[in-house]
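Working notes for the structure below.
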Amino acid sequence: MKSSFLALISSLLIVSSTVSKGEEPIELTVYKTPTCGCCKKWIAHLEENQMISKAVDLDSLSEIKADFGIEGKYRSCHTGNVVTEKGSFVFEGHVPAKHIKAFLASPPENAIGLSVPGMPIGSPGMEVGDRKDYYQVLVMYKDGSSSVFAHENGS
């Protein structure tokens with residue numbers, strides 16, 4: 001009960017601080033499996049960056065990923081979905097919050113969202129000490145193609 005109350009207060013503070021800056025809070029629905037610890041850490045990263053998330057636990061994510069048009073080569077352990085006035089967008093895997101915000105500010109034409117394929121060490125939710133592997137954040141397009149949106153932990 002106490003942790004639920006603290007989580008509610010924390011969420012209200014996040015919404016309050018975001019709204020007071022004149023920004024609309026970003027709200028993500030995060031589809032994950034019930035036992036995935038790194039997914040919970042990614043959600044904590046989002047919340048630390050003034051995003052609101054609602055976790056939906058599913059035993060299998062294959063169907064939801066297919067419904068969103070996420071091809072196998074772009075998949076990771078969880079899928080976030082944001083619905084805005086510009087459309088519905090997905091954020092597959094351990095995408096840093098700063099890139100979600102940048103993408104939503106100006107979504108590329110025909111993009112369905114961003115992906116960090118696999119589970120690279122050093123990405124949000126995949127921290128292991130000081131180790132930070134290089135990885136790319138990809139823009140996924142409706143036709144199944146992709147392009148590099150950002151480089152992380154190197155060039």
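Convention: chains lettered A, B, ... in structure tokens order; per-chain residue numbering from 1; ligands numbered from 1 as shown.
Contact shell of Ile26 of chain A at 8 Å (only C-alpha atoms; same-chain neighbours under 5 positions omitted): A:Gln50, A:Met51, A:Ile52, A:Val82.
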Those same residues, written as a compact mmCIF listing (two decimals), in the first residue's frame with N, CA, C and O atoms?
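This went into again_16.txt:
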# COMPACT_ATOMS: atom_id res chain seq x y z
N GLN A 50 10.49 12.42 -17.08
CA GLN A 50 9.19 13.08 -17.14
C GLN A 50 8.23 12.48 -18.16
O GLN A 50 7.45 13.20 -18.80
N MET A 51 8.27 11.17 -18.32
CA MET A 51 7.29 10.49 -19.15
C MET A 51 6.39 9.67 -18.25
O MET A 51 6.80 9.25 -17.17
N ILE A 52 5.19 9.46 -18.70
CA ILE A 52 4.23 8.65 -17.96
C ILE A 52 4.08 7.33 -18.70
O ILE A 52 3.91 7.31 -19.92
N VAL A 82 3.04 5.32 -28.26
CA VAL A 82 2.58 6.68 -27.95
C VAL A 82 1.61 7.11 -29.03
O VAL A 82 1.90 6.97 -30.23
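Of the residues in segment 53-103 of chain A, those that DSSP places in strand (DSSP E) on the basis of the backbone are A:Ser53, A:Lys54, A:Ala55, A:Val56, A:Asp57, A:Thr79, A:Gly80, A:Asn81, A:Val82, A:Val83, A:Thr84, A:Gly87, A:Ser88, A:Phe89, A:Val90, A:Phe91, A:Glu92, A:Gly93.
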Just all heavy atoms for this one: save the residues we selected as a CSV table (one decimal), in the first residue's frame.
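This went into part-v1.csv:
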chain,number,residue,atom,x,y,z
A,53,SER,N,4.2,6.2,-18.0
A,53,SER,CA,4.0,4.9,-18.6
A,53,SER,C,3.0,4.1,-17.9
A,53,SER,O,2.8,4.2,-16.7
A,53,SER,CB,5.4,4.2,-18.7
A,53,SER,OG,5.8,4.0,-17.3
A,54,LYS,N,2.4,3.3,-18.7
A,54,LYS,CA,1.4,2.3,-18.2
A,54,LYS,C,1.9,0.9,-18.8
A,54,LYS,O,2.0,0.7,-20.0
A,54,LYS,CB,0.0,2.6,-18.8
A,54,LYS,CG,-1.0,1.5,-18.4
A,54,LYS,CD,-2.3,1.7,-19.1
A,54,LYS,CE,-3.2,0.5,-18.9
A,54,LYS,NZ,-4.3,0.4,-19.9
A,55,ALA,N,2.3,0.0,-17.9
A,55,ALA,CA,2.8,-1.3,-18.3
A,55,ALA,C,1.6,-2.2,-18.5
A,55,ALA,O,0.6,-2.3,-17.7
A,55,ALA,CB,3.7,-1.8,-17.2
A,56,VAL,N,1.7,-3.0,-19.6
A,56,VAL,CA,0.7,-4.0,-19.9
A,56,VAL,C,1.5,-5.3,-20.0
A,56,VAL,O,2.3,-5.5,-20.9
A,56,VAL,CB,-0.1,-3.7,-21.2
A,56,VAL,CG1,-1.0,-4.9,-21.6
A,56,VAL,CG2,-0.8,-2.4,-21.1
A,57,ASP,N,1.2,-6.2,-19.1
A,57,ASP,CA,1.9,-7.5,-19.1
A,57,ASP,C,1.2,-8.5,-20.0
A,57,ASP,O,0.0,-8.7,-19.8
A,57,ASP,CB,2.0,-8.1,-17.7
A,57,ASP,CG,3.0,-7.3,-16.8
A,57,ASP,OD1,3.9,-6.7,-17.4
A,57,ASP,OD2,2.9,-7.4,-15.6
A,79,THR,N,7.8,-3.2,-26.0
A,79,THR,CA,7.4,-2.3,-27.0
A,79,THR,C,6.6,-1.2,-26.3
A,79,THR,O,5.6,-1.5,-25.6
A,79,THR,CB,6.5,-3.0,-28.1
A,79,THR,OG1,7.2,-4.1,-28.6
A,79,THR,CG2,6.0,-2.0,-29.1
A,80,GLY,N,7.0,0.1,-26.6
A,80,GLY,CA,6.2,1.2,-26.1
A,80,GLY,C,5.4,1.8,-27.2
A,80,GLY,O,5.8,1.8,-28.4
A,81,ASN,N,4.2,2.3,-26.9
A,81,ASN,CA,3.4,3.0,-27.9
A,81,ASN,C,2.9,4.3,-27.4
A,81,ASN,O,2.5,4.4,-26.2
A,81,ASN,CB,2.2,2.1,-28.2
A,81,ASN,CG,1.2,2.7,-29.2
A,81,ASN,OD1,0.0,2.9,-28.8
A,81,ASN,ND2,1.6,3.0,-30.4
A,82,VAL,N,3.0,5.3,-28.3
A,82,VAL,CA,2.6,6.7,-27.9
A,82,VAL,C,1.6,7.1,-29.0
A,82,VAL,O,1.9,7.0,-30.2
A,82,VAL,CB,3.8,7.7,-27.9
A,82,VAL,CG1,3.3,9.1,-27.7
A,82,VAL,CG2,4.8,7.3,-26.8
A,83,VAL,N,0.5,7.6,-28.6
A,83,VAL,CA,-0.5,8.2,-29.6
A,83,VAL,C,-0.5,9.7,-29.4
A,83,VAL,O,-0.7,10.2,-28.3
A,83,VAL,CB,-1.9,7.6,-29.3
A,83,VAL,CG1,-2.9,8.2,-30.3
A,83,VAL,CG2,-1.9,6.0,-29.5
A,84,THR,N,-0.3,10.4,-30.5
A,84,THR,CA,-0.2,11.8,-30.5
A,84,THR,C,-1.2,12.3,-31.6
A,84,THR,O,-1.7,11.6,-32.4
A,84,THR,CB,1.2,12.4,-30.7
A,84,THR,OG1,1.5,12.2,-32.1
A,84,THR,CG2,2.2,11.7,-29.8
A,87,GLY,N,0.0,11.0,-34.9
A,87,GLY,CA,-0.1,9.6,-35.2
A,87,GLY,C,0.2,8.7,-34.0
A,87,GLY,O,0.5,9.2,-32.9
A,88,SER,N,0.3,7.5,-34.3
A,88,SER,CA,0.6,6.4,-33.3
A,88,SER,C,2.0,6.0,-33.6
A,88,SER,O,2.3,5.6,-34.8
A,88,SER,CB,-0.4,5.3,-33.4
A,88,SER,OG,0.0,4.2,-32.5
A,89,PHE,N,2.9,5.9,-32.6
A,89,PHE,CA,4.3,5.6,-32.9
A,89,PHE,C,4.8,4.6,-31.8
A,89,PHE,O,4.3,4.5,-30.7
A,89,PHE,CB,5.2,6.8,-32.8
A,89,PHE,CG,4.8,7.9,-33.8
A,89,PHE,CD1,4.1,9.0,-33.4
A,89,PHE,CD2,5.2,7.7,-35.1
A,89,PHE,CE1,3.8,10.0,-34.3
A,89,PHE,CE2,4.8,8.7,-36.0
A,89,PHE,CZ,4.1,9.8,-35.6
A,90,VAL,N,5.7,3.7,-32.3
A,90,VAL,CA,6.2,2.6,-31.4
A,90,VAL,C,7.7,2.9,-31.1
A,90,VAL,O,8.4,3.5,-31.9
A,90,VAL,CB,6.0,1.2,-32.0
A,90,VAL,CG1,4.6,0.9,-32.1
A,90,VAL,CG2,6.7,1.1,-33.3
A,91,PHE,N,8.1,2.5,-29.9
A,91,PHE,CA,9.5,2.6,-29.4
A,91,PHE,C,9.8,1.2,-28.9
A,91,PHE,O,9.4,0.7,-27.9
A,91,PHE,CB,9.6,3.7,-28.4
A,91,PHE,CG,9.1,5.0,-29.0
A,91,PHE,CD1,7.9,5.5,-28.8
A,91,PHE,CD2,10.0,5.7,-29.8
A,91,PHE,CE1,7.4,6.6,-29.4
A,91,PHE,CE2,9.6,6.9,-30.4
A,91,PHE,CZ,8.3,7.4,-30.2
A,92,GLU,N,10.6,0.5,-29.8
A,92,GLU,CA,11.0,-0.9,-29.6
A,92,GLU,C,12.3,-1.0,-28.8
A,92,GLU,O,13.3,-0.6,-29.3
A,92,GLU,CB,11.0,-1.6,-30.9
A,92,GLU,CG,11.3,-3.1,-30.8
A,92,GLU,CD,10.3,-3.9,-30.2
A,92,GLU,OE1,9.2,-3.4,-29.9
A,92,GLU,OE2,10.6,-5.1,-29.9
A,93,GLY,N,12.3,-1.7,-27.7
A,93,GLY,CA,13.5,-1.9,-27.0
A,93,GLY,C,13.9,-0.8,-26.1
A,93,GLY,O,13.2,0.1,-25.8
Checklist entry - From the list A:Gly144, A:Pro96, A:Gly113, A:Pro107, which residue is nearest Glu47 of chain A when using only C-alpha atoms? => result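 For Glu47 of chain A, the nearest of the candidates is A:Pro96.
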Item to check | Nearest residue to His94 of chain A from the set A:Ile64, A:Ala150, A:Met126, A:Ala44 (distances using only C-alpha atoms) | outcome: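 For His94 of chain A, the nearest of the candidates is A:Met126.
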Item to check | Among the residues A:Ala66, A:Val148, A:Val139, A:Ile43, the one that comes closest to Leu104 of chain A [using only C-alpha atoms] | outcome: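 For Leu104 of chain A, the nearest of the candidates is A:Val139.
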Checklist entry - Can you list every residue in chain A that DSSP puts in alpha helix (DSSP H), as an MDAnalysis selection string? => result chainID A and resid 2:20 37:48 62:67 97:105
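Distance-wise, atom CA of Met119 of chain A and atom CA of Phe103 of chain A end up 20.4 Å apart.
Look at Tyr135 of chain A: the protein and nucleic acid residues within 12 Å of it, using only C-alpha atoms and passing over chain neighbours fewer than 5 places away, are Gly93, His94, Val95, Pro96, Ser115, Val116, Pro117, Gly118, Met119, Pro120, Ile121, Gly122, Ser123, Pro124, Val148, Phe149, Ala150, His151, Glu152, Asn153, Gly154 and Ser155 of chain A.
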Just all heavy atoms for this one: save the residues we selected as a compact mmCIF listing (two decimals), in the first residue's frame.
# COMPACT_ATOMS: atom_id res chain seq x y z
N GLY A 93 12.26 -1.68 -27.69
CA GLY A 93 13.49 -1.93 -26.96
C GLY A 93 13.95 -0.76 -26.12
O GLY A 93 13.17 0.12 -25.76
N HIS A 94 15.24 -0.74 -25.84
CA HIS A 94 15.82 0.18 -24.86
C HIS A 94 16.18 1.54 -25.46
O HIS A 94 17.32 1.99 -25.40
CB HIS A 94 17.02 -0.49 -24.20
CG HIS A 94 16.63 -1.71 -23.43
ND1 HIS A 94 16.30 -1.66 -22.10
CD2 HIS A 94 16.45 -3.00 -23.81
CE1 HIS A 94 15.96 -2.87 -21.68
NE2 HIS A 94 16.04 -3.70 -22.71
N VAL A 95 15.18 2.20 -26.04
CA VAL A 95 15.37 3.51 -26.66
C VAL A 95 15.51 4.57 -25.55
O VAL A 95 14.63 4.68 -24.69
CB VAL A 95 14.18 3.87 -27.58
CG1 VAL A 95 14.38 5.25 -28.20
CG2 VAL A 95 13.98 2.81 -28.65
N PRO A 96 16.58 5.36 -25.57
CA PRO A 96 16.71 6.43 -24.57
C PRO A 96 15.58 7.46 -24.68
O PRO A 96 15.14 7.81 -25.78
CB PRO A 96 18.07 7.07 -24.91
CG PRO A 96 18.84 5.98 -25.59
CD PRO A 96 17.79 5.24 -26.39
N SER A 115 13.73 2.07 -32.88
CA SER A 115 14.09 0.76 -32.34
C SER A 115 15.54 0.74 -31.89
O SER A 115 16.41 1.34 -32.53
CB SER A 115 13.90 -0.31 -33.42
OG SER A 115 14.46 -1.54 -33.00
N VAL A 116 15.78 0.04 -30.80
CA VAL A 116 17.12 -0.38 -30.41
C VAL A 116 17.03 -1.91 -30.41
O VAL A 116 16.57 -2.51 -29.44
CB VAL A 116 17.53 0.17 -29.02
CG1 VAL A 116 18.84 -0.47 -28.56
CG2 VAL A 116 17.66 1.68 -29.07
N PRO A 117 17.42 -2.53 -31.54
CA PRO A 117 17.31 -3.99 -31.63
C PRO A 117 18.17 -4.69 -30.58
O PRO A 117 19.23 -4.21 -30.20
CB PRO A 117 17.83 -4.30 -33.04
CG PRO A 117 17.70 -3.02 -33.79
CD PRO A 117 17.93 -1.94 -32.77
N GLY A 118 17.68 -5.83 -30.13
CA GLY A 118 18.42 -6.60 -29.15
C GLY A 118 18.38 -5.92 -27.79
O GLY A 118 17.45 -5.19 -27.46
N MET A 119 19.42 -6.14 -27.03
CA MET A 119 19.48 -5.60 -25.68
C MET A 119 20.91 -5.15 -25.38
O MET A 119 21.63 -5.78 -24.61
CB MET A 119 19.01 -6.66 -24.69
CG MET A 119 17.57 -7.11 -24.94
SD MET A 119 17.10 -8.59 -24.03
CE MET A 119 17.12 -8.01 -22.37
N PRO A 120 21.37 -4.05 -26.00
CA PRO A 120 22.76 -3.64 -25.82
C PRO A 120 23.09 -3.18 -24.39
O PRO A 120 22.32 -2.44 -23.77
CB PRO A 120 22.93 -2.48 -26.81
CG PRO A 120 21.57 -2.07 -27.21
CD PRO A 120 20.63 -3.18 -26.90
N ILE A 121 24.23 -3.64 -23.90
CA ILE A 121 24.70 -3.25 -22.57
C ILE A 121 24.96 -1.74 -22.56
O ILE A 121 25.55 -1.18 -23.48
CB ILE A 121 26.00 -4.00 -22.21
CG1 ILE A 121 25.78 -5.51 -22.23
CG2 ILE A 121 26.55 -3.53 -20.86
CD1 ILE A 121 24.77 -6.02 -21.23
N GLY A 122 24.47 -1.08 -21.53
CA GLY A 122 24.65 0.36 -21.39
C GLY A 122 23.48 1.17 -21.90
O GLY A 122 23.43 2.38 -21.72
N SER A 123 22.52 0.51 -22.54
CA SER A 123 21.30 1.23 -22.93
C SER A 123 20.40 1.33 -21.70
O SER A 123 20.58 0.59 -20.73
CB SER A 123 20.60 0.49 -24.08
OG SER A 123 20.24 -0.83 -23.71
N PRO A 124 19.43 2.26 -21.68
CA PRO A 124 18.56 2.42 -20.50
C PRO A 124 17.85 1.12 -20.14
O PRO A 124 17.18 0.51 -20.98
CB PRO A 124 17.56 3.49 -20.93
CG PRO A 124 18.26 4.26 -22.00
CD PRO A 124 19.11 3.24 -22.72
N VAL A 148 19.50 5.26 -39.55
CA VAL A 148 20.06 5.57 -38.24
C VAL A 148 19.53 6.92 -37.77
O VAL A 148 19.63 7.92 -38.47
CB VAL A 148 21.60 5.57 -38.28
CG1 VAL A 148 22.17 5.98 -36.92
CG2 VAL A 148 22.13 4.21 -38.69
N PHE A 149 18.95 6.92 -36.60
CA PHE A 149 18.45 8.14 -35.97
C PHE A 149 19.53 8.73 -35.06
O PHE A 149 19.69 9.94 -35.00
CB PHE A 149 17.19 7.81 -35.15
CG PHE A 149 16.50 9.01 -34.57
CD1 PHE A 149 15.66 9.80 -35.35
CD2 PHE A 149 16.65 9.34 -33.23
CE1 PHE A 149 15.00 10.90 -34.81
CE2 PHE A 149 16.00 10.44 -32.67
CZ PHE A 149 15.18 11.21 -33.47
N ALA A 150 20.25 7.85 -34.34
CA ALA A 150 21.28 8.31 -33.40
C ALA A 150 22.28 7.20 -33.12
O ALA A 150 21.97 6.01 -33.27
CB ALA A 150 20.64 8.77 -32.10
N HIS A 151 23.47 7.60 -32.71
CA HIS A 151 24.51 6.69 -32.25
C HIS A 151 24.64 6.89 -30.75
O HIS A 151 24.60 8.01 -30.26
CB HIS A 151 25.86 7.03 -32.92
CG HIS A 151 25.83 6.91 -34.40
ND1 HIS A 151 26.10 5.74 -35.05
CD2 HIS A 151 25.56 7.82 -35.37
CE1 HIS A 151 26.02 5.93 -36.35
NE2 HIS A 151 25.68 7.19 -36.58
N GLU A 152 24.84 5.80 -30.02
CA GLU A 152 25.03 5.88 -28.57
C GLU A 152 26.32 5.17 -28.18
O GLU A 152 26.66 4.14 -28.73
CB GLU A 152 23.86 5.22 -27.83
CG GLU A 152 22.60 6.03 -27.84
CD GLU A 152 22.69 7.32 -27.03
OE1 GLU A 152 23.35 7.31 -25.96
OE2 GLU A 152 22.12 8.32 -27.46
N ASN A 153 27.01 5.77 -27.22
CA ASN A 153 28.23 5.19 -26.63
C ASN A 153 29.34 4.99 -27.64
O ASN A 153 30.02 3.98 -27.64
CB ASN A 153 27.92 3.87 -25.91
CG ASN A 153 26.85 4.04 -24.86
OD1 ASN A 153 26.72 5.10 -24.27
ND2 ASN A 153 26.09 3.00 -24.62
N GLY A 154 29.53 5.93 -28.52
CA GLY A 154 30.59 5.84 -29.52
C GLY A 154 30.11 6.35 -30.84
O GLY A 154 29.08 6.98 -30.95
N SER A 155 30.87 6.04 -31.91
CA SER A 155 30.45 6.54 -33.23
C SER A 155 30.29 5.41 -34.22
O SER A 155 30.75 4.33 -34.04
CB SER A 155 31.49 7.52 -33.75
OG SER A 155 32.76 6.91 -33.80
Item to check | Computed interatomic separation between atom CA of Glu109 of chain A and atom CA of Gly72 of chain A (Å) | outcome: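 Interatomic distance, atom CA of Glu109 of chain A to atom CA of Gly72 of chain A: 21.7 Å.
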Next on the checklist: Please compute the atom CA of Lys32 of chain A-atom CA of Leu58 of chain A distance, one decimal, in Å.
Outcome noted: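 Computing the Euclidean distance for atom CA of Lys32 of chain A and atom CA of Leu58 of chain A yields 6.0 Å.
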Next on the checklist: Calculated over only C-alpha atoms, which of the candidates A:Tyr134, A:Lys86, A:Ile112, A:His99 has the smallest distance to Gly69 of chain A?
Outcome noted: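 Using only C-alpha atoms, the shortest distance to Gly69 of chain A belongs to A:Ile112.
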